[in-house]
Amino acid sequence: MTNVAEAQLDQAAIGAAARALEAGRLVAFPTETVYGLGADAENPQAVAAIYAAKGRPQDHPVIVHLAPDAPLDYWATDIPREAQALAEAFWPGPLTMILRRAPNIPDAVSGGQDTVGLRCPSHPVAIALLRAFKGGKGGVAAPSANKFGAVSPTLAQHVRDEFGADGSVAMVLDGGASQVGIESTIVDLSRLATHGPVLLRPGHISAEAIAAVIDQLPSSPDAAAPRASGTLESHYAPHTPVAMQDGAQLRQTLSELAAKGRKVALIHYSGMPPTHAAQLLPATPDGFAHALYAALRAMDGKKADVILVEAPPQGGDWLGVNDRLRRAAHGSTGIVHGLLNGDVDPAA
Ligand code: TXA
Ligand code: MG
């Protein structure tokens, strides 16, 4: 993973951001996955301000971001050795672990659940901020820095576009484009003894990579698994309807929609005929994930009738990307059929 150049570490800005967090304000900061909207995890009013700014329900837990080498046992209790092993293997990095919450940690960060989500991000600006905040002993509660249900930001400008006007965010630290581009993998270890590890959200770190460290393959969530808002079916959605089709079908749909005068914004990774708007993404899971959210935002701005996405392959490394695309397309079922058969008004 390439790191942001040392020159981008503006110590004065990082110091000011840390003081703002300590004063209970909200600060948006870059991570290697997506930008986060941070608050002091031990200040329930500051955490409440995140929910208000995002328009997010109060009972949704947020991830607590920790500096490298922060003691896990300040935040969590009954920590299994598997958690220590995963932290050693993948932190700093795009893995969030759900553990049993320590009694001293306010339940505001976990939406009233008895667990806490912990992660140490690898972006150098995030690490510098976490080290400056409360002398590296604090935790920064941070969901993705977008309005509830919207596409996560991978650039500082995305955050400014969404929160710039409303005054709820004290500062936006700019650390360039998020390298990974989709949110962290979430693994639940809070019920390890009874349920084993559970993969709550797929991401860059695969279930297989986790299994290679702890000798247990994380399973899919059961009904009693801790709630994760990123697992709502309709998450990560642009305003324009989204539909996914594989390459051959997509080519056909493009010509049919063109014949009907429909405007298509296309996200693809192989050769396609020209359309109203298009963005070509790399044909690798990492490259596609890195560029996906910025592409969704850009195509959302094209006043198209539909965003058509060339469905990626189904393999394990594509799991995170397919998960996010499925959610983006949820709620748009039947859009292509509707556009072809005239039951949907063209975009104004
Ligand atoms: O990559 C990421 O994880 C980014 C960056 C900023 O670190 N953050 C992020 O946060 O995606 P957010 O709030 O958009 O998604 C966090 C997910 C949610 O689905 C939330 O429900 C889940 O983590 N989560 C957090 N704490 C939890 C807990 N105690 N139990 C279950 N799920 C939890
Ligand atoms: Mg989010």
# chains A, B, ... in the order shown; residues from 1 in each chain; ligands from 1
call {"tool": "residues_near_ligand", "arguments": {"ligand": "ligand 2", "cutoff": "7 Å", "atoms": "only C-alpha atoms and all ligand atoms", "output": "list of chain:residue names"}}
result
A:Pro143, A:Ser144, A:Asn146, A:Ser152, A:Gly230
call {"tool": "write_last_selection", "arguments": {"atoms": "N, CA and C atoms", "output": "PDB file, in the first residue's frame"}}
result
ATOM      1  N   PRO A 143     -17.776   6.992  12.169  1.00  0.00           N
ATOM      2  CA  PRO A 143     -18.385   6.306  11.022  1.00  0.00           C
ATOM      3  C   PRO A 143     -17.829   6.931   9.749  1.00  0.00           C
ATOM      4  N   SER A 144     -18.181   6.402   8.606  1.00  0.00           N
ATOM      5  CA  SER A 144     -17.806   7.031   7.351  1.00  0.00           C
ATOM      6  C   SER A 144     -18.426   8.425   7.297  1.00  0.00           C
ATOM      7  N   ASN A 146     -20.221  10.483   5.632  1.00  0.00           N
ATOM      8  CA  ASN A 146     -21.268  10.745   4.644  1.00  0.00           C
ATOM      9  C   ASN A 146     -22.603  10.798   5.370  1.00  0.00           C
ATOM     10  N   SER A 152     -19.984   6.330   0.721  1.00  0.00           N
ATOM     11  CA  SER A 152     -18.891   6.763   1.586  1.00  0.00           C
ATOM     12  C   SER A 152     -17.888   7.622   0.805  1.00  0.00           C
ATOM     13  N   GLY A 230     -23.828  -0.781   8.241  1.00  0.00           N
ATOM     14  CA  GLY A 230     -23.321  -0.974   6.891  1.00  0.00           C
ATOM     15  C   GLY A 230     -23.869  -2.240   6.265  1.00  0.00           C
TER      16      GLY A 230
END
call {"tool": "residues_around", "arguments": {"residues": "Gln249 of chain A", "least_positions_apart": "4", "cutoff": "12 Å", "atoms": "only C-alpha atoms", "output": "PyMOL selection string"}}
result
chain A and resi 243-245+253-256+272+308-311+336
call {"tool": "closest_atom_pairs", "arguments": {"of": "chain A", "to": "ligand 1", "cutoff": "7 Å", "atoms": "only C-alpha atoms and all ligand atoms", "output": "JSON lines"}}
result
{"residue": "A:Thr31", "atom": "CA", "partner": "ligand 1", "partner_atom_place_in_ligand_line": "5 (C)", "distance": 6.1}
{"residue": "A:Thr33", "atom": "CA", "partner": "ligand 1", "partner_atom_place_in_ligand_line": "1 (O)", "distance": 4.7}
{"residue": "A:Val34", "atom": "CA", "partner": "ligand 1", "partner_atom_place_in_ligand_line": "5 (C)", "distance": 5.3}
{"residue": "A:Tyr35", "atom": "CA", "partner": "ligand 1", "partner_atom_place_in_ligand_line": "6 (C)", "distance": 5.2}
{"residue": "A:Gly36", "atom": "CA", "partner": "ligand 1", "partner_atom_place_in_ligand_line": "6 (C)", "distance": 3.6}
{"residue": "A:Leu37", "atom": "CA", "partner": "ligand 1", "partner_atom_place_in_ligand_line": "6 (C)", "distance": 6.8}
{"residue": "A:His60", "atom": "CA", "partner": "ligand 1", "partner_atom_place_in_ligand_line": "21 (O)", "distance": 5.5}
{"residue": "A:Pro61", "atom": "CA", "partner": "ligand 1", "partner_atom_place_in_ligand_line": "26 (N)", "distance": 4.3}
{"residue": "A:Val62", "atom": "CA", "partner": "ligand 1", "partner_atom_place_in_ligand_line": "25 (C)", "distance": 4.2}
{"residue": "A:Ile63", "atom": "CA", "partner": "ligand 1", "partner_atom_place_in_ligand_line": "25 (C)", "distance": 4.4}
{"residue": "A:Pro94", "atom": "CA", "partner": "ligand 1", "partner_atom_place_in_ligand_line": "1 (O)", "distance": 6.1}
{"residue": "A:Thr96", "atom": "CA", "partner": "ligand 1", "partner_atom_place_in_ligand_line": "3 (O)", "distance": 6.5}
{"residue": "A:Ile98", "atom": "CA", "partner": "ligand 1", "partner_atom_place_in_ligand_line": "29 (N)", "distance": 5.6}
{"residue": "A:Ser110", "atom": "CA", "partner": "ligand 1", "partner_atom_place_in_ligand_line": "29 (N)", "distance": 4.8}
{"residue": "A:Gln113", "atom": "CA", "partner": "ligand 1", "partner_atom_place_in_ligand_line": "29 (N)", "distance": 6.3}
{"residue": "A:Thr115", "atom": "CA", "partner": "ligand 1", "partner_atom_place_in_ligand_line": "29 (N)", "distance": 4.3}
{"residue": "A:Val116", "atom": "CA", "partner": "ligand 1", "partner_atom_place_in_ligand_line": "29 (N)", "distance": 3.7}
{"residue": "A:Gly117", "atom": "CA", "partner": "ligand 1", "partner_atom_place_in_ligand_line": "26 (N)", "distance": 3.9}
{"residue": "A:Pro121", "atom": "CA", "partner": "ligand 1", "partner_atom_place_in_ligand_line": "7 (O)", "distance": 6.7}
{"residue": "A:Ala142", "atom": "CA", "partner": "ligand 1", "partner_atom_place_in_ligand_line": "6 (C)", "distance": 5.5}
{"residue": "A:Pro143", "atom": "CA", "partner": "ligand 1", "partner_atom_place_in_ligand_line": "13 (O)", "distance": 3.2}
{"residue": "A:Ser144", "atom": "CA", "partner": "ligand 1", "partner_atom_place_in_ligand_line": "14 (O)", "distance": 4.0}
{"residue": "A:Ile182", "atom": "CA", "partner": "ligand 1", "partner_atom_place_in_ligand_line": "1 (O)", "distance": 6.7}
{"residue": "A:Glu183", "atom": "CA", "partner": "ligand 1", "partner_atom_place_in_ligand_line": "1 (O)", "distance": 3.4}
{"residue": "A:Ser184", "atom": "CA", "partner": "ligand 1", "partner_atom_place_in_ligand_line": "1 (O)", "distance": 3.6}
{"residue": "A:Ile186", "atom": "CA", "partner": "ligand 1", "partner_atom_place_in_ligand_line": "23 (O)", "distance": 6.7}
{"residue": "A:Pro226", "atom": "CA", "partner": "ligand 1", "partner_atom_place_in_ligand_line": "31 (C)", "distance": 4.4}
{"residue": "A:Arg227", "atom": "CA", "partner": "ligand 1", "partner_atom_place_in_ligand_line": "31 (C)", "distance": 4.8}
{"residue": "A:Ala228", "atom": "CA", "partner": "ligand 1", "partner_atom_place_in_ligand_line": "21 (O)", "distance": 2.9}
{"residue": "A:Ser229", "atom": "CA", "partner": "ligand 1", "partner_atom_place_in_ligand_line": "19 (O)", "distance": 3.7}
{"residue": "A:Gly230", "atom": "CA", "partner": "ligand 1", "partner_atom_place_in_ligand_line": "19 (O)", "distance": 3.5}
{"residue": "A:Thr231", "atom": "CA", "partner": "ligand 1", "partner_atom_place_in_ligand_line": "19 (O)", "distance": 5.7}
call {"tool": "residues_around", "arguments": {"residues": "segment 18-21 of chain A", "least_positions_apart": "2", "cutoff": "7 Å", "atoms": "only C-alpha atoms", "output": "ChimeraX atom specification"}}
result
/A:14-16,23-27,39-40,129,132-133
call {"tool": "select_by_dssp", "arguments": {"residues": "segment 99-294 of chain A", "states": "helix (DSSP H, G or I)", "output": "ChimeraX atom specification"}}
result
/A:107-110,124-136,156-163,192-195,207-214,229-231,247-259,285-294
call {"tool": "atom_distance", "arguments": {"atom1": "atom CA of Met97 of chain A", "atom2": "atom CA of Arg327 of chain A"}}
result
22.1 Å
call {"tool": "select_by_dssp", "arguments": {"residues": "segment 119-320 of chain A", "states": "strand (DSSP E)", "output": "PyMOL selection string"}}
result
chain A and resi 119+139-141+171-172+185-188+198-201+242-245+264-268+277-280+306-310
call {"tool": "write_last_selection", "arguments": {"atoms": "N, CA, C and O atoms", "output": "short mmCIF file (atom, residue, chain, number, x, y, z; two decimals), in the first residue's frame"}}
result
data_model
loop_
_atom_site.label_atom_id
_atom_site.label_comp_id
_atom_site.auth_asym_id
_atom_site.auth_seq_id
_atom_site.Cartn_x
_atom_site.Cartn_y
_atom_site.Cartn_z
N ARG A 119 -10.66 -0.41 15.74
CA ARG A 119 -9.81 -0.53 14.55
C ARG A 119 -8.68 0.48 14.66
O ARG A 119 -8.87 1.60 15.12
N GLY A 139 -9.67 7.43 22.07
CA GLY A 139 -10.24 6.71 20.94
C GLY A 139 -11.11 7.68 20.16
O GLY A 139 -11.79 8.52 20.75
N VAL A 140 -11.06 7.60 18.85
CA VAL A 140 -11.88 8.47 18.01
C VAL A 140 -13.00 7.64 17.38
O VAL A 140 -12.73 6.75 16.57
N ALA A 141 -14.22 7.92 17.83
CA ALA A 141 -15.38 7.26 17.25
C ALA A 141 -15.61 7.85 15.88
O ALA A 141 -15.66 9.07 15.74
N MET A 171 -13.42 20.61 11.16
CA MET A 171 -12.27 20.55 10.24
C MET A 171 -12.36 19.32 9.36
O MET A 171 -12.85 18.28 9.80
N VAL A 172 -11.84 19.44 8.15
CA VAL A 172 -11.66 18.27 7.28
C VAL A 172 -10.17 18.16 6.98
O VAL A 172 -9.60 19.05 6.34
N THR A 185 -13.09 -4.45 6.69
CA THR A 185 -13.67 -5.76 7.03
C THR A 185 -14.08 -5.72 8.50
O THR A 185 -13.33 -5.22 9.34
N ILE A 186 -15.28 -6.20 8.83
CA ILE A 186 -15.67 -6.27 10.25
C ILE A 186 -15.83 -7.74 10.65
O ILE A 186 -16.61 -8.48 10.03
N VAL A 187 -15.09 -8.13 11.68
CA VAL A 187 -15.22 -9.50 12.20
C VAL A 187 -15.66 -9.43 13.65
O VAL A 187 -15.11 -8.67 14.46
N ASP A 188 -16.72 -10.17 13.96
CA ASP A 188 -17.24 -10.20 15.33
C ASP A 188 -16.54 -11.32 16.10
O ASP A 188 -16.62 -12.49 15.73
N VAL A 198 -17.39 -14.22 13.23
CA VAL A 198 -18.46 -13.96 12.25
C VAL A 198 -18.07 -12.74 11.40
O VAL A 198 -17.67 -11.71 11.94
N LEU A 199 -18.16 -12.90 10.10
CA LEU A 199 -17.83 -11.80 9.17
C LEU A 199 -19.06 -10.92 9.02
O LEU A 199 -20.01 -11.28 8.34
N LEU A 200 -19.04 -9.73 9.65
CA LEU A 200 -20.21 -8.84 9.58
C LEU A 200 -20.20 -7.99 8.32
O LEU A 200 -21.25 -7.57 7.85
N ARG A 201 -19.00 -7.69 7.80
CA ARG A 201 -18.91 -6.88 6.58
C ARG A 201 -17.65 -7.29 5.84
O ARG A 201 -16.56 -7.22 6.40
N VAL A 242 -29.36 2.41 -9.56
CA VAL A 242 -28.17 1.64 -9.97
C VAL A 242 -28.62 0.24 -10.38
O VAL A 242 -29.43 -0.38 -9.67
N ALA A 243 -28.12 -0.26 -11.49
CA ALA A 243 -28.37 -1.66 -11.88
C ALA A 243 -27.06 -2.29 -12.32
O ALA A 243 -26.19 -1.62 -12.88
N MET A 244 -26.92 -3.58 -12.02
CA MET A 244 -25.72 -4.33 -12.40
C MET A 244 -26.08 -5.37 -13.44
O MET A 244 -27.08 -6.06 -13.31
N GLN A 245 -25.24 -5.49 -14.47
CA GLN A 245 -25.43 -6.54 -15.48
C GLN A 245 -24.06 -7.03 -15.92
O GLN A 245 -23.10 -6.26 -15.92
N VAL A 264 -27.67 6.85 -20.01
CA VAL A 264 -27.00 5.88 -19.14
C VAL A 264 -25.64 6.43 -18.68
O VAL A 264 -24.87 6.94 -19.49
N ALA A 265 -25.40 6.35 -17.37
CA ALA A 265 -24.05 6.59 -16.85
C ALA A 265 -23.47 5.21 -16.54
O ALA A 265 -24.07 4.42 -15.80
N LEU A 266 -22.32 4.92 -17.13
CA LEU A 266 -21.80 3.56 -17.13
C LEU A 266 -20.54 3.45 -16.27
O LEU A 266 -19.65 4.30 -16.35
N ILE A 267 -20.50 2.41 -15.44
CA ILE A 267 -19.26 2.08 -14.72
C ILE A 267 -18.85 0.69 -15.19
O ILE A 267 -19.61 -0.26 -15.00
N HIS A 268 -17.71 0.59 -15.81
CA HIS A 268 -17.34 -0.68 -16.43
C HIS A 268 -15.85 -0.94 -16.29
O HIS A 268 -15.10 -0.06 -15.89
N ALA A 277 -22.46 8.97 -20.38
CA ALA A 277 -21.30 9.19 -19.52
C ALA A 277 -20.76 7.83 -19.14
O ALA A 277 -21.52 6.87 -19.02
N ALA A 278 -19.46 7.74 -18.95
CA ALA A 278 -18.88 6.44 -18.60
C ALA A 278 -17.60 6.61 -17.81
O ALA A 278 -16.89 7.60 -17.96
N GLN A 279 -17.34 5.65 -16.97
CA GLN A 279 -16.06 5.61 -16.26
C GLN A 279 -15.52 4.19 -16.29
O GLN A 279 -16.21 3.24 -15.89
N LEU A 280 -14.30 4.07 -16.78
CA LEU A 280 -13.64 2.76 -16.87
C LEU A 280 -12.81 2.53 -15.61
O LEU A 280 -11.97 3.35 -15.27
N VAL A 306 -30.15 6.17 -15.29
CA VAL A 306 -29.71 4.99 -14.54
C VAL A 306 -28.18 4.94 -14.56
O VAL A 306 -27.55 5.41 -15.51
N ILE A 307 -27.60 4.44 -13.47
CA ILE A 307 -26.18 4.10 -13.46
C ILE A 307 -26.10 2.60 -13.70
O ILE A 307 -26.62 1.81 -12.90
N LEU A 308 -25.52 2.20 -14.84
CA LEU A 308 -25.34 0.77 -15.11
C LEU A 308 -23.92 0.37 -14.75
O LEU A 308 -22.97 1.04 -15.13
N VAL A 309 -23.80 -0.71 -14.00
CA VAL A 309 -22.49 -1.18 -13.57
C VAL A 309 -22.24 -2.56 -14.17
O VAL A 309 -23.10 -3.45 -14.07
N GLU A 310 -21.09 -2.72 -14.81
CA GLU A 310 -20.70 -4.03 -15.32
C GLU A 310 -20.40 -4.92 -14.11
O GLU A 310 -19.50 -4.63 -13.32
#
call {"tool": "residues_around", "arguments": {"residues": "Pro103 of chain A", "least_positions_apart": "4", "cutoff": "9 Å", "atoms": "only C-alpha atoms", "output": "count of residues only"}}
result
5
